[in-house]
>>> print(open('upload.cif').read())   # mmCIF, C-alpha atoms (C1' of nucleotides)
data_start
#
loop_
_atom_site.label_atom_id
_atom_site.label_comp_id
_atom_site.auth_asym_id
_atom_site.auth_seq_id
_atom_site.Cartn_x
_atom_site.Cartn_y
_atom_site.Cartn_z
CA MET J 117 0.00 0.00 0.00
CA PRO J 118 1.44 3.38 -1.00
CA TYR J 119 2.35 5.93 1.59
CA LYS J 120 -0.40 8.46 0.96
CA GLU J 121 -3.16 5.90 1.16
CA ARG J 122 -1.94 4.72 4.53
CA GLU J 123 -2.00 8.30 5.72
CA ILE J 124 -5.59 8.70 4.63
CA ASN J 125 -6.66 5.54 6.35
CA LYS J 126 -5.03 6.72 9.55
CA MET J 127 -6.90 9.98 9.47
CA TYR J 128 -8.56 10.67 12.77
CA TYR J 129 -10.58 13.56 14.08
CA THR J 130 -10.33 14.86 17.63
CA MET J 131 -13.28 15.79 19.78
CA GLY J 132 -12.50 19.45 19.22
CA GLU J 133 -12.60 19.02 15.47
CA VAL J 134 -15.89 17.18 15.63
CA THR J 135 -17.62 19.72 17.85
CA GLU J 136 -16.32 22.48 15.59
CA MET J 137 -17.53 20.62 12.54
CA PHE J 138 -21.10 20.18 13.77
CA GLY J 139 -21.29 23.24 15.98
CA VAL J 140 -22.38 21.31 19.05
CA ASN J 141 -21.24 20.67 22.59
CA ALA J 142 -18.88 17.77 23.29
CA SER J 143 -21.35 16.31 25.75
CA GLN J 144 -23.81 15.82 22.92
CA ILE J 145 -21.26 13.86 20.88
CA ARG J 146 -20.49 11.62 23.87
CA PHE J 147 -24.17 11.16 24.49
CA TYR J 148 -24.72 10.14 20.88
CA GLU J 149 -21.82 7.75 21.19
CA LYS J 150 -23.61 6.02 24.05
CA GLU J 151 -26.87 5.94 22.13
CA PHE J 152 -25.71 4.92 18.65
CA ASP J 153 -23.81 1.69 18.36
CA VAL J 154 -22.51 2.68 14.92
CA LEU J 155 -20.34 5.33 16.54
CA LYS J 156 -17.19 3.61 17.71
CA PRO J 157 -14.31 6.09 17.92
CA LYS J 158 -10.92 4.69 18.90
CA LYS J 159 -9.22 6.03 22.00
CA ASN J 160 -5.59 6.84 22.61
CA LYS J 161 -3.67 5.93 25.74
CA LYS J 162 -4.97 8.96 27.54
CA GLY J 163 -8.53 8.06 26.69
CA ASN J 164 -9.16 10.77 24.14
CA ARG J 165 -11.49 9.88 21.32
CA LEU J 166 -10.20 9.40 17.79
CA PHE J 167 -13.09 9.67 15.33
CA THR J 168 -12.76 7.86 12.04
CA PRO J 169 -14.13 9.21 8.75
CA GLU J 170 -16.85 6.57 9.07
CA ASP J 171 -17.83 8.04 12.44
CA ILE J 172 -18.10 11.44 10.79
CA GLU J 173 -20.32 10.09 8.04
CA ASN J 174 -22.60 8.44 10.55
CA LEU J 175 -22.76 11.63 12.60
CA LYS J 176 -23.79 13.55 9.49
CA ILE J 177 -26.64 11.12 8.90
CA ILE J 178 -27.69 11.21 12.55
CA PHE J 179 -27.75 15.00 12.73
CA HIS J 180 -29.72 15.11 9.52
CA LEU J 181 -32.33 12.70 10.83
CA VAL J 182 -32.63 14.29 14.25
CA ASP J 183 -32.31 18.00 13.46
CA GLU J 184 -33.86 18.27 10.04
CA LYS J 185 -36.19 15.31 9.66
CA GLY J 186 -37.45 15.45 13.24
CA PHE J 187 -36.75 11.92 14.39
CA THR J 188 -36.31 10.95 18.01
CA LEU J 189 -32.98 9.33 18.80
CA LYS J 190 -34.73 5.99 18.96
CA GLY J 191 -36.36 6.60 15.59
CA ALA J 192 -33.04 7.64 14.10
CA LYS J 193 -31.41 4.44 15.37
CA GLU J 194 -33.97 2.24 13.68
CA HIS J 195 -33.87 4.32 10.53
CA LEU J 196 -30.11 3.86 10.40
CA LYS J 197 -30.39 0.10 10.71
CA SER J 198 -33.18 -0.47 8.23
CA ASN J 199 -32.53 2.27 5.71
CA LYS J 200 -28.79 2.40 5.32
CA ASP J 201 -28.98 -0.11 2.52
CA GLU J 202 -31.93 1.64 0.93
CA VAL J 203 -30.05 4.91 0.81
CA LYS J 204 -27.10 3.19 -0.80
CA GLU J 205 -29.39 1.46 -3.27
CA ASN J 206 -30.91 4.79 -4.32
CA GLN J 207 -27.41 6.18 -4.68
CA LYS J 208 -26.52 3.38 -7.05
CA ILE J 209 -29.70 3.89 -9.07
CA ILE J 210 -28.96 7.58 -9.43
CA GLU J 211 -25.40 6.86 -10.52
CA SER J 212 -26.71 4.35 -13.01
CA LEU J 213 -29.11 6.90 -14.44
CA GLU J 214 -26.31 9.42 -14.71
CA ARG J 215 -24.29 6.98 -16.78
CA ILE J 216 -27.29 6.31 -19.02
CA LYS J 217 -27.79 10.04 -19.45
CA ASP J 218 -24.16 10.52 -20.47
CA PHE J 219 -24.45 7.64 -22.90
CA LEU J 220 -27.59 9.08 -24.47
CA LEU J 221 -26.09 12.52 -24.79
CA LYS J 222 -23.07 11.03 -26.50
CA LEU J 223 -25.35 9.03 -28.78
CA ASN J 224 -27.35 12.12 -29.60
CA GLY J 225 -24.19 13.90 -30.64
CA GLU J 226 -23.26 11.15 -33.05
CA ILE J 227 -26.54 11.12 -34.93
CA MET B 81 -77.99 13.59 -2.87
CA PRO B 82 -79.25 10.06 -2.14
CA TYR B 83 -80.08 8.98 1.34
CA LYS B 84 -77.23 6.52 1.92
CA GLU B 85 -74.55 8.94 0.82
CA ARG B 86 -75.80 11.54 3.24
CA GLU B 87 -75.61 8.96 5.95
CA ILE B 88 -72.00 8.19 5.08
CA ASN B 89 -71.03 11.83 5.01
CA LYS B 90 -72.62 12.33 8.37
CA MET B 91 -70.63 9.50 9.88
CA TYR B 92 -68.97 10.69 13.05
CA TYR B 93 -66.93 9.01 15.71
CA THR B 94 -67.21 9.80 19.40
CA MET B 95 -64.29 10.25 21.74
CA GLY B 96 -65.00 6.85 23.24
CA GLU B 97 -64.84 5.20 19.84
CA VAL B 98 -61.59 6.93 18.99
CA THR B 99 -59.86 6.03 22.25
CA GLU B 100 -61.08 2.47 21.79
CA MET B 101 -59.88 2.44 18.20
CA PHE B 102 -56.34 3.55 18.99
CA GLY B 103 -56.10 2.17 22.51
CA VAL B 104 -55.10 5.46 24.06
CA ASN B 105 -56.27 7.88 26.70
CA ALA B 106 -58.67 10.69 25.80
CA SER B 107 -56.21 13.26 27.11
CA GLN B 108 -53.76 12.18 24.44
CA ILE B 109 -56.33 12.70 21.69
CA ARG B 110 -57.17 16.16 23.03
CA PHE B 111 -53.48 16.94 23.29
CA TYR B 112 -52.93 15.87 19.67
CA GLU B 113 -55.88 18.03 18.69
CA LYS B 114 -54.12 21.03 20.18
CA GLU B 115 -50.85 20.12 18.51
CA PHE B 116 -51.98 19.12 15.03
CA ASP B 117 -53.96 21.68 13.07
CA VAL B 118 -55.23 19.03 10.68
CA LEU B 119 -57.37 17.58 13.46
CA LYS B 120 -60.58 19.58 13.55
CA PRO B 121 -63.42 17.53 14.99
CA LYS B 122 -66.87 19.11 15.04
CA LYS B 123 -68.67 19.52 18.33
CA ASN B 124 -72.35 18.97 19.14
CA LYS B 125 -74.44 21.31 21.28
CA LYS B 126 -73.18 19.67 24.42
CA GLY B 127 -69.61 20.21 23.35
CA ASN B 128 -68.76 16.57 22.67
CA ARG B 129 -66.32 15.97 19.87
CA LEU B 130 -67.50 14.49 16.58
CA PHE B 131 -64.54 13.05 14.71
CA THR B 132 -64.86 12.84 10.95
CA PRO B 133 -63.44 9.99 8.87
CA GLU B 134 -60.81 12.49 7.77
CA ASP B 135 -59.83 13.03 11.38
CA ILE B 136 -59.50 9.29 11.80
CA GLU B 137 -57.28 9.04 8.74
CA ASN B 138 -55.06 11.82 10.00
CA LEU B 139 -54.86 10.20 13.42
CA LYS B 140 -53.80 6.95 11.78
CA ILE B 141 -51.02 8.74 9.95
CA ILE B 142 -49.94 10.60 13.07
CA PHE B 143 -49.82 7.48 15.20
CA HIS B 144 -47.90 5.72 12.49
CA LEU B 145 -45.32 8.48 12.27
CA VAL B 146 -44.94 8.89 16.02
CA ASP B 147 -45.22 5.32 17.29
CA GLU B 148 -43.73 3.30 14.46
CA LYS B 149 -41.47 5.62 12.51
CA GLY B 150 -40.13 7.37 15.61
CA PHE B 151 -40.84 10.99 14.79
CA THR B 152 -41.21 13.67 17.41
CA LEU B 153 -44.55 15.50 17.37
CA LYS B 154 -42.83 18.45 15.76
CA GLY B 155 -41.27 16.22 13.14
CA ALA B 156 -44.60 14.58 12.44
CA LYS B 157 -46.25 17.97 11.98
CA GLU B 158 -43.72 19.05 9.39
CA HIS B 159 -43.86 15.70 7.69
CA LEU B 160 -47.62 16.11 7.36
CA LYS B 161 -47.42 19.65 6.02
CA SER B 162 -44.54 19.59 3.59
CA ASN B 163 -44.62 16.56 1.40
CA LYS B 164 -40.89 16.89 1.10
CA ASP B 165 -40.63 13.24 2.03
CA GLU B 166 -40.15 10.16 -0.05
CA VAL B 167 -43.34 10.81 -1.98
CA LYS B 168 -42.04 14.03 -3.47
CA GLU B 169 -38.58 12.56 -3.98
CA ASN B 170 -40.09 9.68 -5.89
CA GLN B 171 -42.21 12.15 -7.81
CA LYS B 172 -39.07 13.90 -9.00
CA ILE B 173 -37.49 10.64 -10.03
CA ILE B 174 -40.60 9.67 -11.96
CA GLU B 175 -40.70 13.04 -13.71
CA SER B 176 -37.05 12.63 -14.59
CA LEU B 177 -37.74 9.21 -16.07
CA GLU B 178 -40.68 10.60 -18.02
CA ARG B 179 -38.40 13.15 -19.63
CA ILE B 180 -35.90 10.46 -20.48
CA LYS B 181 -38.69 8.41 -21.99
CA ASP B 182 -39.80 11.30 -24.17
CA PHE B 183 -36.23 11.85 -25.24
CA LEU B 184 -35.82 8.21 -26.19
CA LEU B 185 -39.07 8.16 -28.11
CA LYS B 186 -38.00 11.22 -30.04
CA LEU B 187 -34.62 9.67 -30.69
CA ASN B 188 -36.23 6.47 -31.89
CA GLY B 189 -38.34 8.40 -34.38
CA GLU B 190 -35.33 10.14 -35.85
CA ILE B 191 -33.22 7.09 -36.48
"C1'" DT M 174 -74.91 6.81 36.65
"C1'" DA M 175 -71.96 7.14 33.05
"C1'" DC M 176 -69.60 9.40 29.72
"C1'" DA M 177 -67.44 13.73 28.13
"C1'" DA M 178 -65.58 18.62 28.64
"C1'" DT M 179 -62.35 22.11 30.68
"C1'" DT M 180 -58.57 23.67 33.33
"C1'" DA M 181 -54.81 23.04 36.16
"C1'" DT M 182 -51.32 20.55 37.77
"C1'" DG M 183 -48.13 16.53 38.08
"C1'" DC M 184 -44.85 13.50 36.36
"C1'" DC M 185 -41.32 10.67 34.13
"C1'" DA M 186 -38.26 9.85 30.40
"C1'" DT M 187 -35.62 12.21 26.83
"C1'" DA M 188 -31.90 14.96 25.38
"C1'" DC M 189 -28.75 17.36 26.29
"C1'" DA M 190 -25.67 21.23 29.40
"C1'" DA M 191 -22.74 22.49 33.22
"C1'" DA M 192 -19.27 21.57 36.66
"C1'" DG M 193 -15.21 19.95 38.22
"C1'" DA M 194 -11.18 16.80 37.72
"C1'" DA M 195 -7.25 15.08 35.12
"C1'" DA M 196 -3.81 15.07 31.72
"C1'" DG M 197 -0.59 16.77 28.23
"C1'" DA M 198 1.92 21.00 25.84
"C1'" DG M 199 4.55 24.85 26.05
"C1'" DA M 200 6.85 28.75 28.48
"C1'" DA M 201 9.41 30.41 32.45
"C1'" DA M 202 12.27 29.75 36.21
"C1'" DT M 203 15.86 27.02 38.57
"C1'" DA P 161 17.68 19.24 32.00
"C1'" DT P 162 14.09 19.52 35.23
"C1'" DT P 163 10.67 21.55 37.91
"C1'" DT P 164 6.81 24.60 38.18
"C1'" DC P 165 3.12 27.24 36.31
"C1'" DT P 166 -0.33 28.18 33.39
"C1'" DC P 167 -3.42 27.08 29.35
"C1'" DT P 168 -6.07 24.09 26.80
"C1'" DT P 169 -8.51 19.98 25.81
"C1'" DT P 170 -11.04 16.20 27.12
"C1'" DC P 171 -12.72 13.27 30.56
"C1'" DT P 172 -16.61 11.62 33.75
"C1'" DT P 173 -20.38 12.71 36.70
"C1'" DT P 174 -24.25 15.19 37.93
"C1'" DG P 175 -27.81 18.46 36.99
"C1'" DT P 176 -31.87 20.27 34.33
"C1'" DA P 177 -35.15 22.08 30.80
"C1'" DT P 178 -38.42 20.38 27.69
"C1'" DG P 179 -41.52 16.97 25.60
"C1'" DG P 180 -45.34 14.20 25.93
"C1'" DC P 181 -48.73 12.95 27.96
"C1'" DA P 182 -51.63 11.37 32.69
"C1'" DT P 183 -54.18 12.54 36.67
"C1'" DA P 184 -57.29 15.30 39.55
"C1'" DA P 185 -61.01 18.38 40.34
"C1'" DT P 186 -65.02 20.27 38.79
"C1'" DT P 187 -68.95 20.82 35.87
"C1'" DG P 188 -72.39 19.50 32.54
"C1'" DT P 189 -76.13 16.49 30.41
"C1'" DA P 190 -78.50 12.42 28.58
#
>>> encode(input="upload.cif", output="structure tokens")
Amino acid sequence: MPYKEREINKMYYTMGEVTEMFGVNASQIRFYEKEFDVLKPKKNKKGNRLFTPEDIENLKIIFHLVDEKGFTLKGAKEHLKSNKDEVKENQKIIESLERIKDFLLKLNGEI
Amino acid sequence: MPYKEREINKMYYTMGEVTEMFGVNASQIRFYEKEFDVLKPKKNKKGNRLFTPEDIENLKIIFHLVDEKGFTLKGAKEHLKSNKDEVKENQKIIESLERIKDFLLKLNGEI
DNA sequence: TACAATTATGCCATACAAAGAAAGAGAAAT
DNA sequence: ATTTCTCTTTCTTTGTATGGCATAATTGTA
């Protein structure tokens, strides 16, 4: 594995970076960590949390569900479990349609 | 208007029937009535509530959103008002596919 | 008597916020 | 180089406002 890729994989976010990113109090992040099993930040020797990019993605989804959609934490948990695949499926469909669109545009140019 | 249809339109549900139907306390129904503008039961001379079939339908939706989907009351309200949910998303996808269909039909005619 | 209304108050879980301790990092003093 | 002092960050624990109804008291009427 090349050097840069290893660096990316080792990318961690501190608690300060996360609270800055979402504009919330650290206590809320810790509370969410207790509530949502998908959030599993590593910890260093001191005990400080090291958030992975996956943690960040999950936090984005959680904040979207809770703040914008109006789910309870419990509702957001179940939505995460049952709908993560659905969201990814829709993403794939959209990407597929984009490719078809590009193909058709190219075809249209050739006629 | 024929007799039977008038009867159907005049169909009302009492508070007792509603609490029985949803298995909840009357105070919860009255509380939801205060919270959700869509719930507007008539009242007879005595003051007793007369729930319309439309009220019942809305209550079904509300209970579904709150109890099963895990929305907060606020979230359920907004979900009811703005159809910004899956329905509208799917609508956009369908419209997009319709346009693609028209494009393909046109293309097929030209070749 | 039995069901329903209103108004006021009570209550418990949810969803965080605040407080205080502990642990580096860096600068200053020894 | 090492100790001491502050400064900052994060930790854990404890506190609390709000949400979401339930209960109580009183009144009405069929």
>>> atom_distance(input="upload.cif", atom1="atom CA of B:Leu139", atom2="atom CA of B:Lys123")
17.4 Å
>>> resolve_selection(input="upload.cif", expression="the PyMOL selection byres ((chain M and resi 175) around 12)", output="number ranges by chain")
M: 174, 176-177; P: 189-190
>>> closest_atom_pairs(input="upload.cif", of="chain M", to="chain J", cutoff="8 Å", atoms="all atoms listed in the file", output="Markdown table")
| residue | atom | partner | partner_atom | distance |
| --- | --- | --- | --- | --- |
| M:DC189 | C1' | J:Gln144 | CA | 6.2 |
| M:DA190 | C1' | J:Ser143 | CA | 7.5 |
| M:DA196 | C1' | J:Lys162 | CA | 7.5 |
>>> resolve_selection(input="upload.cif", expression="the PyMOL selection byres ((chain P) within 9 of (chain J))", output="ChimeraX atom specification")
/P:169-171
>>> closest_atom_pairs(input="upload.cif", of="chain B", to="chain J", cutoff="7 Å", atoms="all atoms listed in the file", output="tab-separated table")
residue	atom	partner	partner_atom	distance
B:Lys149	CA	J:Gly191	CA	6.0
B:Gly150	CA	J:Gly191	CA	3.8
B:Phe151	CA	J:Phe187	CA	4.2
B:Thr152	CA	J:Thr188	CA	5.6
B:Lys154	CA	J:Gly186	CA	6.7
B:Gly155	CA	J:Gly186	CA	3.9
>>> write_last_selection(input="upload.cif", atoms="C-alpha atoms", output="mmCIF file, in the frame of the given file")
data_model
loop_
_atom_site.group_PDB
_atom_site.id
_atom_site.type_symbol
_atom_site.label_atom_id
_atom_site.label_comp_id
_atom_site.auth_asym_id
_atom_site.auth_seq_id
_atom_site.Cartn_x
_atom_site.Cartn_y
_atom_site.Cartn_z
ATOM 1 C CA LYS B 149 -41.470 5.620 12.510
ATOM 2 C CA GLY B 150 -40.130 7.370 15.610
ATOM 3 C CA PHE B 151 -40.840 10.990 14.790
ATOM 4 C CA THR B 152 -41.210 13.670 17.410
ATOM 5 C CA LYS B 154 -42.830 18.450 15.760
ATOM 6 C CA GLY B 155 -41.270 16.220 13.140
#
